[in-house]
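**Student:** Take a look at this one; I'll ask things after.
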Amino acid sequence: MPRLTLYVAPGSCARVPTIALEEIGVPFATELVRFKAQQHKSEAYRALNPKGKVPVLVVDGTPLTENVAILSWLNTRFPDAALLPPAETPFAQAQQLSDLAFVSSTLHPIVTRIRVPYLFGSTPEIQVDVREKGMTAMQPFAQLLEERFDKGRWWYGESWSIVDAYLYWVWWRIVGAGFPVDCFPRLQDFAHRIERRPSVIRALAREADQEQMLNDEGLSLNLT
């Protein structure tokens with residue numbers, strides 16, 4: 001069994017591999033990265049991830065970055081956990097990578113514009129414009145998901161997958177920023193269903209403990 005350590009920050013997309021590891025059920029440690037204290041810019045952390053971001057999964061001392069890579073590796077290394085449906089052909093595997101990349105490369109950057117527009121402009125006017133454009137850009141994708149998530153279904157139909165965990169994080173982040181949830185009842189149902197999953201309950205409990213630790217240290221970023 002590999003030694004696994006996941007570097008995280010509460011509210012960040014590190015929630016997704018946390019859910020994956022809880023779903024797998026193997027022992028793993030978490031290391032809290034204190035962004036408010038600029039820990040992500042430290043020499044020690046940059047040695048793990050020169051990009052200065054979370055998550056980082058350290059496997060037997062070797063770091064692996066980027067959610068698509070981390071989730072793909074976990075699915076391959078622990079096939080019994082069924083993080084993704086069985087892929088019978090290389091093309092089917094590529095389609096699953098495409099699904100993960102859709103969340104990571106298309107939806108995730110829009111989330112960033114909605115939640116942290118100050119990264120894209122120094123004046124309030126620019127920040128408001130960035131956020132509004134992010135909200136507008138997210139609308140057709142939310143509608144796509146609304147149509148896909150028929151009642152009781154997941155991204156792959158009857159089979160829950162780690163794609164659902166990543167989509168849940170996206171939805172949770174934009175809802176917290178005031179995205180119009182009433183227009184998307186199926187997505188709301190999807191989020192409620194996934195929050196009842198034991199692996200998600202455990203992952204959220206981990207995050208709550210991490211957030212409390214940051215609060216006690218006066219280092220919370222209030223990402224919720």
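By order of appearance in the structure tokens: chains A, B, ..., then residues from 1 within every chain, and ligands from 1 in the order shown.
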Write out as a VMD selection string each polymer residue whose atoms come within 12 Å of Cys183 (chain A), counting only C-alpha atoms; drop sequence neighbours fewer than 6 positions from it.

**Tutor:** chain A and resid 139 to 140 142 to 143 145 to 147 175

**Student:** Give me a file of those residues, with N, CA and C atoms, as an mmCIF file, in the first residue's frame.

**Tutor:**
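Result written to again02.cif:
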```
data_model
loop_
_atom_site.group_PDB
_atom_site.id
_atom_site.type_symbol
_atom_site.label_atom_id
_atom_site.label_comp_id
_atom_site.auth_asym_id
_atom_site.auth_seq_id
_atom_site.Cartn_x
_atom_site.Cartn_y
_atom_site.Cartn_z
ATOM 1 N N GLN A 139 -23.888 29.984 -17.193
ATOM 2 C CA GLN A 139 -25.296 29.651 -17.416
ATOM 3 C C GLN A 139 -25.518 28.493 -18.389
ATOM 4 N N PRO A 140 -24.942 28.520 -19.602
ATOM 5 C CA PRO A 140 -25.209 27.408 -20.527
ATOM 6 C C PRO A 140 -24.650 26.078 -20.039
ATOM 7 N N ALA A 142 -24.409 25.205 -16.805
ATOM 8 C CA ALA A 142 -25.338 24.762 -15.773
ATOM 9 C C ALA A 142 -26.580 24.152 -16.407
ATOM 10 N N GLN A 143 -27.023 24.731 -17.521
ATOM 11 C CA GLN A 143 -28.185 24.185 -18.209
ATOM 12 C C GLN A 143 -27.870 22.811 -18.794
ATOM 13 N N LEU A 145 -25.791 20.659 -17.539
ATOM 14 C CA LEU A 145 -25.812 19.718 -16.416
ATOM 15 C C LEU A 145 -27.236 19.464 -15.948
ATOM 16 N N GLU A 146 -28.056 20.506 -15.919
ATOM 17 C CA GLU A 146 -29.447 20.354 -15.510
ATOM 18 C C GLU A 146 -30.164 19.325 -16.382
ATOM 19 N N GLU A 147 -29.884 19.370 -17.673
ATOM 20 C CA GLU A 147 -30.527 18.437 -18.598
ATOM 21 C C GLU A 147 -29.960 17.026 -18.455
ATOM 22 N N VAL A 175 -22.763 28.385 -6.121
ATOM 23 C CA VAL A 175 -23.937 28.672 -5.296
ATOM 24 C C VAL A 175 -23.548 29.613 -4.155
#
```

**Student:** Find the residues near region 48-56 of chain A: any atom within 12 Å, counting only C-alpha atoms, skip ones fewer than 6 places away on the same chain, and give them as a ChimeraX atom specification.

**Tutor:** /A:4-18,29-35,38-42,62-71

**Student:** Residues as selected, N, CA and C atoms, written as a compact mmCIF listing (two decimals), in the first residue's frame, can you do that?

**Tutor:**
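Writing the result to again22.txt gives the following:
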```
# COMPACT_ATOMS: atom_id res chain seq x y z
N LEU A 4 0.34 7.83 1.31
CA LEU A 4 -0.35 8.91 0.62
C LEU A 4 -0.53 10.10 1.54
N THR A 5 -0.11 11.26 1.05
CA THR A 5 -0.32 12.51 1.78
C THR A 5 -0.90 13.52 0.80
N LEU A 6 -2.04 14.09 1.17
CA LEU A 6 -2.73 15.05 0.31
C LEU A 6 -2.61 16.44 0.92
N TYR A 7 -2.08 17.38 0.14
CA TYR A 7 -1.98 18.77 0.56
C TYR A 7 -3.25 19.50 0.15
N VAL A 8 -3.87 20.18 1.12
CA VAL A 8 -5.22 20.68 0.93
C VAL A 8 -5.36 22.10 1.48
N ALA A 9 -6.47 22.73 1.12
CA ALA A 9 -6.94 23.96 1.74
C ALA A 9 -8.45 23.87 1.74
N PRO A 10 -9.11 24.16 2.87
CA PRO A 10 -10.57 24.01 2.93
C PRO A 10 -11.28 24.92 1.94
N GLY A 11 -12.27 24.34 1.25
CA GLY A 11 -13.02 25.08 0.25
C GLY A 11 -12.42 25.01 -1.14
N SER A 12 -11.18 24.56 -1.23
CA SER A 12 -10.52 24.49 -2.53
C SER A 12 -10.91 23.20 -3.25
N CYS A 13 -10.44 23.08 -4.50
CA CYS A 13 -10.74 21.88 -5.28
C CYS A 13 -10.01 20.65 -4.76
N ALA A 14 -9.19 20.82 -3.71
CA ALA A 14 -8.61 19.65 -3.05
C ALA A 14 -9.68 18.80 -2.41
N ARG A 15 -10.89 19.34 -2.28
CA ARG A 15 -12.01 18.54 -1.78
C ARG A 15 -12.24 17.32 -2.67
N VAL A 16 -11.98 17.45 -3.96
CA VAL A 16 -12.31 16.37 -4.90
C VAL A 16 -11.43 15.14 -4.66
N PRO A 17 -10.11 15.25 -4.65
CA PRO A 17 -9.33 14.05 -4.34
C PRO A 17 -9.52 13.58 -2.90
N THR A 18 -9.91 14.48 -1.98
CA THR A 18 -10.23 14.04 -0.62
C THR A 18 -11.42 13.08 -0.66
N ALA A 29 -2.90 10.76 4.82
CA ALA A 29 -2.72 11.93 5.67
C ALA A 29 -3.04 13.18 4.88
N THR A 30 -3.41 14.24 5.58
CA THR A 30 -3.60 15.53 4.93
C THR A 30 -2.66 16.55 5.57
N GLU A 31 -2.16 17.43 4.73
CA GLU A 31 -1.34 18.55 5.18
C GLU A 31 -2.04 19.84 4.78
N LEU A 32 -2.27 20.70 5.75
CA LEU A 32 -3.00 21.94 5.52
C LEU A 32 -2.05 23.01 4.99
N VAL A 33 -2.39 23.59 3.85
CA VAL A 33 -1.60 24.67 3.26
C VAL A 33 -2.26 25.99 3.65
N ARG A 34 -1.53 26.84 4.34
CA ARG A 34 -2.06 28.11 4.85
C ARG A 34 -1.80 29.23 3.84
N PHE A 35 -2.78 29.45 2.98
CA PHE A 35 -2.61 30.43 1.91
C PHE A 35 -2.48 31.85 2.46
N GLN A 38 0.81 32.70 3.20
CA GLN A 38 1.70 32.59 2.04
C GLN A 38 2.53 31.31 2.04
N GLN A 39 2.02 30.29 2.70
CA GLN A 39 2.76 29.03 2.76
C GLN A 39 2.93 28.41 1.38
N HIS A 40 1.96 28.69 0.48
CA HIS A 40 2.03 28.12 -0.87
C HIS A 40 3.18 28.72 -1.68
N LYS A 41 3.74 29.81 -1.18
CA LYS A 41 4.87 30.44 -1.87
C LYS A 41 6.20 30.10 -1.22
N SER A 42 6.17 29.29 -0.19
CA SER A 42 7.40 28.96 0.51
C SER A 42 8.29 28.05 -0.33
N THR A 62 6.83 11.07 -3.61
CA THR A 62 6.88 11.72 -4.91
C THR A 62 5.57 12.48 -5.15
N PRO A 63 5.65 13.78 -5.48
CA PRO A 63 4.41 14.57 -5.64
C PRO A 63 3.76 14.38 -7.01
N LEU A 64 2.44 14.41 -6.98
CA LEU A 64 1.63 14.40 -8.19
C LEU A 64 0.66 15.57 -8.10
N THR A 65 0.62 16.41 -9.13
CA THR A 65 -0.22 17.60 -9.12
C THR A 65 -1.29 17.51 -10.20
N GLU A 66 -2.26 18.40 -10.11
CA GLU A 66 -3.38 18.56 -11.05
C GLU A 66 -4.44 17.48 -10.81
N ASN A 67 -5.66 17.93 -10.62
CA ASN A 67 -6.75 17.03 -10.29
C ASN A 67 -6.97 15.93 -11.32
N VAL A 68 -6.89 16.27 -12.59
CA VAL A 68 -7.12 15.24 -13.61
C VAL A 68 -6.12 14.11 -13.47
N ALA A 69 -4.86 14.46 -13.25
CA ALA A 69 -3.82 13.44 -13.10
C ALA A 69 -4.00 12.66 -11.80
N ILE A 70 -4.28 13.36 -10.71
CA ILE A 70 -4.45 12.69 -9.42
C ILE A 70 -5.62 11.73 -9.46
N LEU A 71 -6.75 12.18 -9.97
CA LEU A 71 -7.94 11.33 -10.01
C LEU A 71 -7.76 10.16 -10.95
```

**Student:** Which residues are close to Pro2 (chain A), i.e. within 12 Å by only C-alpha atoms, leaving aside same-chain residues fewer than 6 positions away? Reply as a PyMOL selection string.

**Tutor:** chain A and resi 26-29+57-62+74+77-78

**Student:** Name the residues in contact with Gly134 (chain A) at a cut-off of 12 Å, using only C-alpha atoms, excluding same-chain residues fewer than 4 positions from it; report them as a PyMOL selection string.

**Tutor:** chain A and resi 106-117+120+127-130+138-141+174+177-179

**Student:** Which of these residues is nearest to Gly152 (chain A), using only C-alpha atoms: A:Lys133, A:Gln210, A:Trp172, A:Phe190?

**Tutor:**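 Result for the nearest residue to Gly152 (chain A): A:Phe190.
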
**Student:** Per DSSP on the backbone, filter region 54-208 of chain A down to the residues in alpha helix (DSSP H) and report them as a PyMOL selection string.

**Tutor:** chain A and resi 67-77+90-101+108-115+124-148+162-175+185-195+198-208

**Student:** Hey, can you check how far CA of Trp73 (chain A) sits from CA of Tyr168 (chain A)?

**Tutor:**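 CA of Trp73 (chain A) sits 20.3 Å away from CA of Tyr168 (chain A).
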
**Student:** Just the number, please: distance in Å from CA of Pro180 (chain A) to CA of Leu204 (chain A), one decimal.

**Tutor:**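 These atoms are spaced 23.4 Å apart.
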